[in-house]
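Working notes, beginning with the structure itself.
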Amino acid sequence: MFLQYSDSNNGTSKSTPWLHAPGMPKCTADCASHTPAAGDLFIFRGGDTWHFGNSAASPYTGGTWDFSSWWGTRATCLYESAQTGCIYYGVDQTWYTGSSWARPILSGDNPASTSTVASCAYQMSNDNALVITAPNSILDNFELMGLCGSTASGSQGSSNTHIVYHGTGTAGDGTSFLTNLYIHGWTETTAIVGANQLACNILGGGYNGLQVITKLVIDGADSNAGVCTWGQYPSFYHFTDSMVRYTSDGVGQWCHDIHDVIFEHIVSINNNPGANHTNILECNADNSGDAPGQPQNTPNVFYNNIVRHSESDVGIWFCPNTIPEYWYNNLIYDVNGEGFSVAGPGQYPSCTHTGGQWMFNNTVVDLGQALVCHGTGSDTTGGVYLTSLNNLLINTPWDGTGCTGGASSATNVSMTTATATSQGYVSGSGTYRTSNCANDTTKPCSPAAANDATVGAGGNHMAYCNALAAYSAESAIATDAANSCKFGTTDGCAYSTTTHTMNCPAQTAVARPPSGAWDVGLYQYSSSGTQGPRPPTTLQAIVK
């Protein structure tokens, strides 16, 4: 279905398109008579804007675009298999207005502001959203912007105003896909500024259903960063190849396959450091291996991610249970708080740790603590099942409370700032702390020479890669995760600040040897040049 011009058209061709889409309040005539069903394609012309606030603009949606009543077919709307049963809301990049293709825009019509405003030009009330999605649907290639919040929400995480909300169904009902979205340009009014007041959530979900989130860009560089949390209770079943920056607090569930995501400039809730518990990514319940309709009992993985330049209290929070977890090739630096945090069963009973965790070849720099295993009450085990190997810790203590392994492991390397500076890992050139990764814009905190302390200093853990490869039911684990394990960090995406797109992979990988010593940390040294995850650049990126 092609959308534009008149709802009285039949909506079946580019020459007879509708003005609105089903689920928009202003959808009338033939548009309103159609019931979306599995296999439907609703195509928006690139470069056009649909207005959610300004009723004088055209096309005006009439308010929230809510297609949550119409679900595709779970059995044929799958991440790794057929998607013929999905309902698709997106684009045909050969159809656009202007000289070249650009995303269609969904706008709340409020001008962007990096500070609070006296009032919203157009009201987006509480208990509302720009878009409400459904199970077995795909929302693809939109720019979402112009949200202004003016209703006090109360305590942290309680705002019911969202940019994208997935609020129907359960994990057994299927999967919602969010792909190639660019979200920016939000603010709030001065009336709701307060330590525990929130204007909105960018992604909301109430733990309803599974979500695949890939090539997502949340970039609040033009926004009031701290007034919208970037995630309040979506699921992160597959969360990949994305950028999250200049925003606040991310909390979710069903964490399973998270890789090649850059988190940076995550600020305190409502820009009020110390007044709230801000997380970069908190997984309150990692996948327990029983996601309906998905491969069963495959490990959870977290790899090739960058976390940096943030004032959050917590970096990455895990809640391991009966499924093995592998954390590798991650870089955390210049974060005002914990790096990796692991909940124990005394804190959350579901965090049993019985599946075991393997944390290897990560680099953690300038943090108060590299790893914190939380336990409360009678919980004395914390992360007792955690194996930690080949991690590089620069100017970062290790909290061994309740944890096995730790910095005392012979294959973890701890380094002072002075030593790291002398070997070129750090240079003090970053933007948040006084000691920061060298080569911040190319390959942060990498070894510069063959005799540096991390080169050849680690154990060989190809067995972990082979263990991942054995889970043949899911290629995201058996192929993607297993192959990435065999290299130094490989797929660190490049972000274009011009097109607001992700280019993944961004560089050539350096293989870890099948036998013999590996390097410590996320990089594998190569005399021809160490490769690593790439931070934002202004280079043109190509979307796969």
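Note on naming: chains are A, B, ... as they come in the structure tokens, residues start from 1 per chain, ligands start from 1 in the order shown.
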
Item to complete: Do a neighbour search on region 294-296 of chain A at 9 Å with only C-alpha atoms, toss out local chain neighbours closer than 3 positions, and write the hits as an MDAnalysis selection string.
Response: chainID A and resid 78:79 288:291 473:474

Can you check which parts of region 464-504 of chain A lie within 10 Å of region 166-180 of chain A? Per residue, the shortest pair of atoms and distance in Å to one decimal, counting only C-alpha atoms, sorted by chain and number, as a Markdown table.
| residue | atom | partner | partner_atom | distance |
| --- | --- | --- | --- | --- |
| A:His500 | CA | A:Asn180 | CA | 9.4 |
| A:Thr501 | CA | A:Asn180 | CA | 7.4 |
| A:Met502 | CA | A:Asn180 | CA | 8.4 |

Residue selection dump (all heavy atoms) as an mmCIF file, in the first residue's frame:
data_model
loop_
_atom_site.group_PDB
_atom_site.id
_atom_site.type_symbol
_atom_site.label_atom_id
_atom_site.label_comp_id
_atom_site.auth_asym_id
_atom_site.auth_seq_id
_atom_site.Cartn_x
_atom_site.Cartn_y
_atom_site.Cartn_z
ATOM 1 N N HIS A 500 22.911 10.275 9.640
ATOM 2 C CA HIS A 500 22.383 9.631 10.838
ATOM 3 C C HIS A 500 22.057 8.160 10.554
ATOM 4 O O HIS A 500 20.978 7.663 10.852
ATOM 5 C CB HIS A 500 21.165 10.379 11.370
ATOM 6 C CG HIS A 500 21.459 11.807 11.669
ATOM 7 N ND1 HIS A 500 22.196 12.202 12.761
ATOM 8 C CD2 HIS A 500 21.159 12.946 10.984
ATOM 9 C CE1 HIS A 500 22.328 13.516 12.753
ATOM 10 N NE2 HIS A 500 21.718 13.987 11.693
ATOM 11 N N THR A 501 23.047 7.491 9.975
ATOM 12 C CA THR A 501 22.957 6.070 9.676
ATOM 13 C C THR A 501 24.186 5.355 10.218
ATOM 14 O O THR A 501 25.206 5.979 10.512
ATOM 15 C CB THR A 501 22.851 5.833 8.159
ATOM 16 O OG1 THR A 501 23.943 6.489 7.506
ATOM 17 C CG2 THR A 501 21.533 6.363 7.615
ATOM 18 N N MET A 502 24.074 4.037 10.333
ATOM 19 C CA MET A 502 25.160 3.206 10.824
ATOM 20 C C MET A 502 25.768 2.411 9.673
ATOM 21 O O MET A 502 25.048 1.894 8.819
ATOM 22 C CB MET A 502 24.653 2.240 11.893
ATOM 23 C CG MET A 502 23.955 2.913 13.071
ATOM 24 S SD MET A 502 24.996 4.102 13.949
ATOM 25 C CE MET A 502 26.186 3.001 14.721
#

Can you pull out the residues contacting Cys200 (chain A)? Cut-off 8 Å, using only C-alpha atoms, and skip same-chain residues under 2 positions away; I want them as a PDB file with N, CA and C atoms, in the first residue's frame.
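The resulting selection-v4.pdb:
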ATOM      1  N   GLY A 149       7.366  17.445  26.111  1.00  0.00           N
ATOM      2  CA  GLY A 149       6.607  16.974  27.262  1.00  0.00           C
ATOM      3  C   GLY A 149       6.283  18.102  28.213  1.00  0.00           C
ATOM      4  N   SER A 159       7.042   7.870  33.307  1.00  0.00           N
ATOM      5  CA  SER A 159       6.397   8.656  32.261  1.00  0.00           C
ATOM      6  C   SER A 159       5.637   7.741  31.308  1.00  0.00           C
ATOM      7  N   ASN A 160       4.439   8.168  30.925  1.00  0.00           N
ATOM      8  CA  ASN A 160       3.640   7.413  29.970  1.00  0.00           C
ATOM      9  C   ASN A 160       3.581   8.104  28.614  1.00  0.00           C
ATOM     10  N   THR A 161       4.456   9.056  28.406  1.00  0.00           N
ATOM     11  CA  THR A 161       4.575   9.696  27.104  1.00  0.00           C
ATOM     12  C   THR A 161       5.788   9.087  26.405  1.00  0.00           C
ATOM     13  N   HIS A 162       5.567   8.577  25.192  1.00  0.00           N
ATOM     14  CA  HIS A 162       6.604   7.839  24.492  1.00  0.00           C
ATOM     15  C   HIS A 162       6.746   8.348  23.067  1.00  0.00           C
ATOM     16  N   ILE A 163       7.901   8.102  22.490  1.00  0.00           N
ATOM     17  CA  ILE A 163       8.068   8.337  21.063  1.00  0.00           C
ATOM     18  C   ILE A 163       7.659   7.078  20.302  1.00  0.00           C
ATOM     19  N   LEU A 198      10.082  13.284  34.635  1.00  0.00           N
ATOM     20  CA  LEU A 198      10.478  12.888  33.295  1.00  0.00           C
ATOM     21  C   LEU A 198       9.456  13.383  32.281  1.00  0.00           C
ATOM     22  N   ILE A 202      11.821   7.351  25.116  1.00  0.00           N
ATOM     23  CA  ILE A 202      11.977   7.232  23.662  1.00  0.00           C
ATOM     24  C   ILE A 202      11.460   5.885  23.183  1.00  0.00           C
ATOM     25  N   VAL A 227      15.885  14.739  29.606  1.00  0.00           N
ATOM     26  CA  VAL A 227      14.459  14.718  29.937  1.00  0.00           C
ATOM     27  C   VAL A 227      13.714  13.539  29.322  1.00  0.00           C
ATOM     28  N   CYS A 228      14.358  12.813  28.413  1.00  0.00           N
ATOM     29  CA  CYS A 228      13.766  11.593  27.859  1.00  0.00           C
ATOM     30  C   CYS A 228      14.715  10.426  28.097  1.00  0.00           C
ATOM     31  N   THR A 229      14.247   9.425  28.809  1.00  0.00           N
ATOM     32  CA  THR A 229      15.034   8.208  28.898  1.00  0.00           C
ATOM     33  C   THR A 229      14.992   7.522  27.534  1.00  0.00           C
TER      34      THR A 229
END

Fill in: Residues within 12 Å of Asn224 (chain A), only C-alpha atoms, excluding chain neighbours under 2 positions, as JSON, numbers by chain
{"A": [111, 112, 113, 114, 115, 116, 117, 146, 147, 148, 149, 184, 185, 186, 187, 188, 189, 190, 193, 198, 199, 200, 219, 220, 221, 222, 226, 227, 228, 229, 245, 246, 247, 248, 266, 267, 268, 269, 270, 271]}

Discussion item. Could you list, as a list of chain:residue names, every residue within 7 Å of Val372 (chain A), counting only C-alpha atoms and ignoring same-chain residues fewer than 5 positions away?
Written reply: A:Phe340, A:Ser341, A:Val342, A:Asp399

Fill in: Contacts of Ala457 (chain A) within 9 Å, only C-alpha atoms, excl. fewer than 3 positions in-chain, as number ranges by chain
A: 390, 411-413, 453-454, 517-520

Okay, now the selection with N, CA, C and O atoms, as a short mmCIF file (atom, residue, chain, number, x, y, z; two decimals), in the first residue's frame?
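Okay, this is what ended up in selection-v2.cif:
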data_model
loop_
_atom_site.label_atom_id
_atom_site.label_comp_id
_atom_site.auth_asym_id
_atom_site.auth_seq_id
_atom_site.Cartn_x
_atom_site.Cartn_y
_atom_site.Cartn_z
N ASN A 390 41.57 -12.42 30.50
CA ASN A 390 42.08 -11.60 29.39
C ASN A 390 41.48 -10.19 29.36
O ASN A 390 41.36 -9.60 28.28
N THR A 411 45.61 -13.85 33.69
CA THR A 411 45.45 -13.34 32.33
C THR A 411 44.67 -12.04 32.27
O THR A 411 44.37 -11.57 31.17
N ASN A 412 44.29 -11.46 33.39
CA ASN A 412 43.80 -10.09 33.41
C ASN A 412 44.99 -9.17 33.65
O ASN A 412 45.86 -9.48 34.47
N VAL A 413 45.03 -8.05 32.97
CA VAL A 413 46.14 -7.11 33.12
C VAL A 413 45.61 -5.82 33.73
O VAL A 413 44.71 -5.18 33.17
N ALA A 453 52.06 -4.13 26.88
CA ALA A 453 51.78 -5.11 27.95
C ALA A 453 50.67 -6.09 27.61
O ALA A 453 50.63 -7.18 28.16
N THR A 454 49.75 -5.72 26.72
CA THR A 454 48.63 -6.62 26.43
C THR A 454 48.92 -7.61 25.32
O THR A 454 48.20 -8.60 25.16
N ALA A 517 48.99 -17.79 22.49
CA ALA A 517 48.45 -16.72 23.34
C ALA A 517 47.65 -15.71 22.54
O ALA A 517 48.02 -15.33 21.42
N TRP A 518 46.55 -15.27 23.13
CA TRP A 518 45.80 -14.13 22.62
C TRP A 518 46.30 -12.86 23.30
O TRP A 518 46.94 -12.91 24.37
N ASP A 519 45.99 -11.71 22.71
CA ASP A 519 46.22 -10.45 23.40
C ASP A 519 45.16 -10.26 24.48
O ASP A 519 44.05 -10.80 24.40
N VAL A 520 45.49 -9.47 25.49
CA VAL A 520 44.54 -9.08 26.52
C VAL A 520 43.77 -7.85 26.06
O VAL A 520 44.33 -6.97 25.40
#

Worksheet entry | Between CA of Tyr523 (chain A) and CA of Asn451 (chain A) - distance in Å to one decimal |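 Taking CA of Asn451 (chain A) and CA of Tyr523 (chain A), their separation equals 14.1 Å.
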
Practice prompt. Write out as an MDAnalysis selection string all residues of region 29-214 of chain A that backbone DSSP assigns to strand (DSSP E or B).
Written response: chainID A and resid 41:44 46 49:51 60 65:66 87:90 96 105:107 117 128:133 137:140 143:145 147:149 161:166 175:179 182:183 186:189 200:204 210:214

Worksheet item: Looking at only C-alpha atoms, which of A:Val365, A:Ile218, A:Cys351, A:Val91 is the one that sits closest to Gly337 (chain A)?
Response: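 The shortest atom-to-atom distance to Gly337 (chain A) comes from A:Val365.
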
Discussion item. Residues of region 352-476 of chain A classed as alpha helix (DSSP H) by DSSP on the backbone are to be reported as a list in words.
Written reply: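 Filtering region 352-476 of chain A down to alpha helix (DSSP H) leaves Thr417, Ala418, Thr419, Ala420, Thr421, Ser422, Met462, Ala463, Tyr464, Cys465, Asn466, Ala467, Leu468, Ala469 and Ser475 of chain A.
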
Selection from above, all heavy atoms, as an mmCIF file, in the first residue's frame, can you write it?
data_model
loop_
_atom_site.group_PDB
_atom_site.id
_atom_site.type_symbol
_atom_site.label_atom_id
_atom_site.label_comp_id
_atom_site.auth_asym_id
_atom_site.auth_seq_id
_atom_site.Cartn_x
_atom_site.Cartn_y
_atom_site.Cartn_z
ATOM 1 N N THR A 417 47.596 4.584 35.235
ATOM 2 C CA THR A 417 47.539 5.593 34.176
ATOM 3 C C THR A 417 48.935 5.897 33.646
ATOM 4 O O THR A 417 49.127 6.052 32.432
ATOM 5 C CB THR A 417 46.888 6.875 34.711
ATOM 6 O OG1 THR A 417 45.542 6.599 35.082
ATOM 7 C CG2 THR A 417 46.890 7.977 33.657
ATOM 8 N N ALA A 418 49.912 5.956 34.544
ATOM 9 C CA ALA A 418 51.280 6.274 34.112
ATOM 10 C C ALA A 418 51.799 5.216 33.150
ATOM 11 O O ALA A 418 52.386 5.539 32.103
ATOM 12 C CB ALA A 418 52.190 6.395 35.329
ATOM 13 N N THR A 419 51.596 3.951 33.492
ATOM 14 C CA THR A 419 52.055 2.873 32.605
ATOM 15 C C THR A 419 51.297 2.893 31.291
ATOM 16 O O THR A 419 51.883 2.751 30.214
ATOM 17 C CB THR A 419 51.875 1.514 33.296
ATOM 18 O OG1 THR A 419 52.648 1.487 34.489
ATOM 19 C CG2 THR A 419 52.310 0.384 32.381
ATOM 20 N N ALA A 420 49.986 3.077 31.383
ATOM 21 C CA ALA A 420 49.174 3.090 30.166
ATOM 22 C C ALA A 420 49.556 4.257 29.263
ATOM 23 O O ALA A 420 49.557 4.126 28.032
ATOM 24 C CB ALA A 420 47.702 3.166 30.533
ATOM 25 N N THR A 421 49.901 5.408 29.867
ATOM 26 C CA THR A 421 50.314 6.557 29.075
ATOM 27 C C THR A 421 51.648 6.296 28.391
ATOM 28 O O THR A 421 51.842 6.620 27.213
ATOM 29 C CB THR A 421 50.411 7.806 29.962
ATOM 30 O OG1 THR A 421 49.130 8.062 30.543
ATOM 31 C CG2 THR A 421 50.854 9.019 29.153
ATOM 32 N N SER A 422 52.572 5.673 29.116
ATOM 33 C CA SER A 422 53.898 5.405 28.548
ATOM 34 C C SER A 422 53.835 4.440 27.378
ATOM 35 O O SER A 422 54.695 4.464 26.495
ATOM 36 C CB SER A 422 54.834 4.856 29.632
ATOM 37 O OG SER A 422 54.443 3.541 30.019
ATOM 38 N N MET A 462 39.802 -19.987 22.411
ATOM 39 C CA MET A 462 39.060 -20.411 21.231
ATOM 40 C C MET A 462 37.970 -21.413 21.598
ATOM 41 O O MET A 462 36.966 -21.543 20.885
ATOM 42 C CB MET A 462 40.015 -21.005 20.203
ATOM 43 C CG MET A 462 39.413 -21.185 18.826
ATOM 44 S SD MET A 462 38.909 -19.610 18.048
ATOM 45 C CE MET A 462 40.518 -18.861 17.721
ATOM 46 N N ALA A 463 38.145 -22.096 22.716
ATOM 47 C CA ALA A 463 37.115 -23.058 23.150
ATOM 48 C C ALA A 463 35.777 -22.368 23.384
ATOM 49 O O ALA A 463 34.720 -22.965 23.147
ATOM 50 C CB ALA A 463 37.574 -23.776 24.421
ATOM 51 N N TYR A 464 35.803 -21.115 23.856
ATOM 52 C CA TYR A 464 34.546 -20.388 24.046
ATOM 53 C C TYR A 464 33.882 -20.114 22.689
ATOM 54 O O TYR A 464 32.664 -20.224 22.542
ATOM 55 C CB TYR A 464 34.794 -19.062 24.763
ATOM 56 C CG TYR A 464 35.314 -19.188 26.176
ATOM 57 C CD1 TYR A 464 36.009 -18.136 26.759
ATOM 58 C CD2 TYR A 464 35.122 -20.342 26.929
ATOM 59 C CE1 TYR A 464 36.494 -18.222 28.062
ATOM 60 C CE2 TYR A 464 35.607 -20.445 28.222
ATOM 61 C CZ TYR A 464 36.294 -19.383 28.783
ATOM 62 O OH TYR A 464 36.768 -19.478 30.057
ATOM 63 N N CYS A 465 34.691 -19.732 21.699
ATOM 64 C CA CYS A 465 34.149 -19.471 20.361
ATOM 65 C C CYS A 465 33.542 -20.745 19.784
ATOM 66 O O CYS A 465 32.466 -20.715 19.173
ATOM 67 C CB CYS A 465 35.246 -18.945 19.448
ATOM 68 S SG CYS A 465 36.212 -17.569 20.135
ATOM 69 N N ASN A 466 34.228 -21.865 19.985
ATOM 70 C CA ASN A 466 33.712 -23.133 19.487
ATOM 71 C C ASN A 466 32.439 -23.546 20.219
ATOM 72 O O ASN A 466 31.539 -24.155 19.622
ATOM 73 C CB ASN A 466 34.779 -24.217 19.622
ATOM 74 C CG ASN A 466 35.985 -23.960 18.731
ATOM 75 O OD1 ASN A 466 35.875 -23.276 17.707
ATOM 76 N ND2 ASN A 466 37.142 -24.469 19.119
ATOM 77 N N ALA A 467 32.352 -23.199 21.496
ATOM 78 C CA ALA A 467 31.127 -23.501 22.252
ATOM 79 C C ALA A 467 29.948 -22.724 21.683
ATOM 80 O O ALA A 467 28.841 -23.264 21.546
ATOM 81 C CB ALA A 467 31.328 -23.184 23.728
ATOM 82 N N LEU A 468 30.181 -21.464 21.342
ATOM 83 C CA LEU A 468 29.115 -20.669 20.725
ATOM 84 C C LEU A 468 28.720 -21.259 19.369
ATOM 85 O O LEU A 468 27.541 -21.320 19.018
ATOM 86 C CB LEU A 468 29.573 -19.227 20.548
ATOM 87 C CG LEU A 468 29.719 -18.395 21.822
ATOM 88 C CD1 LEU A 468 30.439 -17.077 21.533
ATOM 89 C CD2 LEU A 468 28.369 -18.119 22.453
ATOM 90 N N ALA A 469 29.700 -21.700 18.604
ATOM 91 C CA ALA A 469 29.428 -22.239 17.276
ATOM 92 C C ALA A 469 28.592 -23.510 17.329
ATOM 93 O O ALA A 469 27.955 -23.873 16.332
ATOM 94 C CB ALA A 469 30.741 -22.510 16.545
ATOM 95 N N SER A 475 21.645 -18.684 14.136
ATOM 96 C CA SER A 475 22.847 -18.196 13.477
ATOM 97 C C SER A 475 23.401 -16.943 14.142
ATOM 98 O O SER A 475 24.595 -16.675 14.051
ATOM 99 C CB SER A 475 22.569 -17.929 11.994
ATOM 100 O OG SER A 475 21.602 -16.919 11.830
#

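Of the listed residues A:Trp254, A:Tyr88, A:Phe318, A:Tyr471, the one whose atoms come nearest to Trp71 (chain A) is A:Tyr88, with distances taken using only C-alpha atoms.
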
Fill in: Who sits within 9 Å of Asp257 (chain A), only C-alpha atoms, same chain under 4 positions skipped, as number ranges by chain
A: 236-240, 299-303, 476-477, 481

Convert the current residue selection to file output with N, CA, C and O atoms, as a PDB file, in the first residue's frame.
ATOM      1  N   PHE A 236      15.149  -6.424  24.691  1.00  0.00           N
ATOM      2  CA  PHE A 236      16.347  -6.335  23.865  1.00  0.00           C
ATOM      3  C   PHE A 236      16.745  -7.733  23.411  1.00  0.00           C
ATOM      4  O   PHE A 236      17.850  -8.201  23.683  1.00  0.00           O
ATOM      5  N   TYR A 237      15.815  -8.407  22.741  1.00  0.00           N
ATOM      6  CA  TYR A 237      16.114  -9.776  22.334  1.00  0.00           C
ATOM      7  C   TYR A 237      17.232  -9.787  21.291  1.00  0.00           C
ATOM      8  O   TYR A 237      18.154 -10.581  21.371  1.00  0.00           O
ATOM      9  N   HIS A 238      17.136  -8.933  20.296  1.00  0.00           N
ATOM     10  CA  HIS A 238      18.244  -8.657  19.387  1.00  0.00           C
ATOM     11  C   HIS A 238      18.370  -7.140  19.309  1.00  0.00           C
ATOM     12  O   HIS A 238      17.452  -6.464  18.857  1.00  0.00           O
ATOM     13  N   PHE A 239      19.505  -6.619  19.765  1.00  0.00           N
ATOM     14  CA  PHE A 239      19.756  -5.176  19.752  1.00  0.00           C
ATOM     15  C   PHE A 239      21.145  -4.988  19.173  1.00  0.00           C
ATOM     16  O   PHE A 239      22.143  -5.285  19.829  1.00  0.00           O
ATOM     17  N   THR A 240      21.226  -4.525  17.927  1.00  0.00           N
ATOM     18  CA  THR A 240      22.494  -4.573  17.219  1.00  0.00           C
ATOM     19  C   THR A 240      22.711  -3.339  16.357  1.00  0.00           C
ATOM     20  O   THR A 240      21.776  -2.638  15.972  1.00  0.00           O
ATOM     21  N   PRO A 299      22.832 -19.349  24.217  1.00  0.00           N
ATOM     22  CA  PRO A 299      23.443 -18.407  25.163  1.00  0.00           C
ATOM     23  C   PRO A 299      23.063 -16.962  24.874  1.00  0.00           C
ATOM     24  O   PRO A 299      22.669 -16.597  23.767  1.00  0.00           O
ATOM     25  N   ASN A 300      23.212 -16.129  25.894  1.00  0.00           N
ATOM     26  CA  ASN A 300      23.103 -14.688  25.749  1.00  0.00           C
ATOM     27  C   ASN A 300      24.501 -14.126  25.492  1.00  0.00           C
ATOM     28  O   ASN A 300      25.476 -14.572  26.109  1.00  0.00           O
ATOM     29  N   VAL A 301      24.599 -13.136  24.599  1.00  0.00           N
ATOM     30  CA  VAL A 301      25.902 -12.584  24.242  1.00  0.00           C
ATOM     31  C   VAL A 301      25.858 -11.057  24.269  1.00  0.00           C
ATOM     32  O   VAL A 301      24.844 -10.437  23.960  1.00  0.00           O
ATOM     33  N   PHE A 302      27.002 -10.462  24.634  1.00  0.00           N
ATOM     34  CA  PHE A 302      27.173  -9.010  24.663  1.00  0.00           C
ATOM     35  C   PHE A 302      28.594  -8.755  24.183  1.00  0.00           C
ATOM     36  O   PHE A 302      29.560  -9.046  24.891  1.00  0.00           O
ATOM     37  N   TYR A 303      28.743  -8.247  22.946  1.00  0.00           N
ATOM     38  CA  TYR A 303      30.089  -8.132  22.388  1.00  0.00           C
ATOM     39  C   TYR A 303      30.190  -6.956  21.415  1.00  0.00           C
ATOM     40  O   TYR A 303      29.205  -6.471  20.877  1.00  0.00           O
ATOM     41  N   ALA A 476      22.550 -16.146  14.822  1.00  0.00           N
ATOM     42  CA  ALA A 476      23.051 -14.976  15.536  1.00  0.00           C
ATOM     43  C   ALA A 476      24.081 -15.382  16.588  1.00  0.00           C
ATOM     44  O   ALA A 476      24.985 -14.608  16.917  1.00  0.00           O
ATOM     45  N   ILE A 477      23.958 -16.592  17.109  1.00  0.00           N
ATOM     46  CA  ILE A 477      24.914 -17.100  18.095  1.00  0.00           C
ATOM     47  C   ILE A 477      25.978 -17.947  17.413  1.00  0.00           C
ATOM     48  O   ILE A 477      27.179 -17.691  17.537  1.00  0.00           O
ATOM     49  N   ALA A 481      28.068 -14.421  16.519  1.00  0.00           N
ATOM     50  CA  ALA A 481      28.788 -14.297  17.790  1.00  0.00           C
ATOM     51  C   ALA A 481      30.033 -15.165  17.803  1.00  0.00           C
ATOM     52  O   ALA A 481      31.098 -14.734  18.267  1.00  0.00           O
TER      53      ALA A 481
END

Worksheet item: CA of Phe487 (chain A) and CA of Ala438 (chain A), how far apart in Å?
Response: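 Calculated distance between CA of Ala438 (chain A) and CA of Phe487 (chain A) is 21.4 Å.
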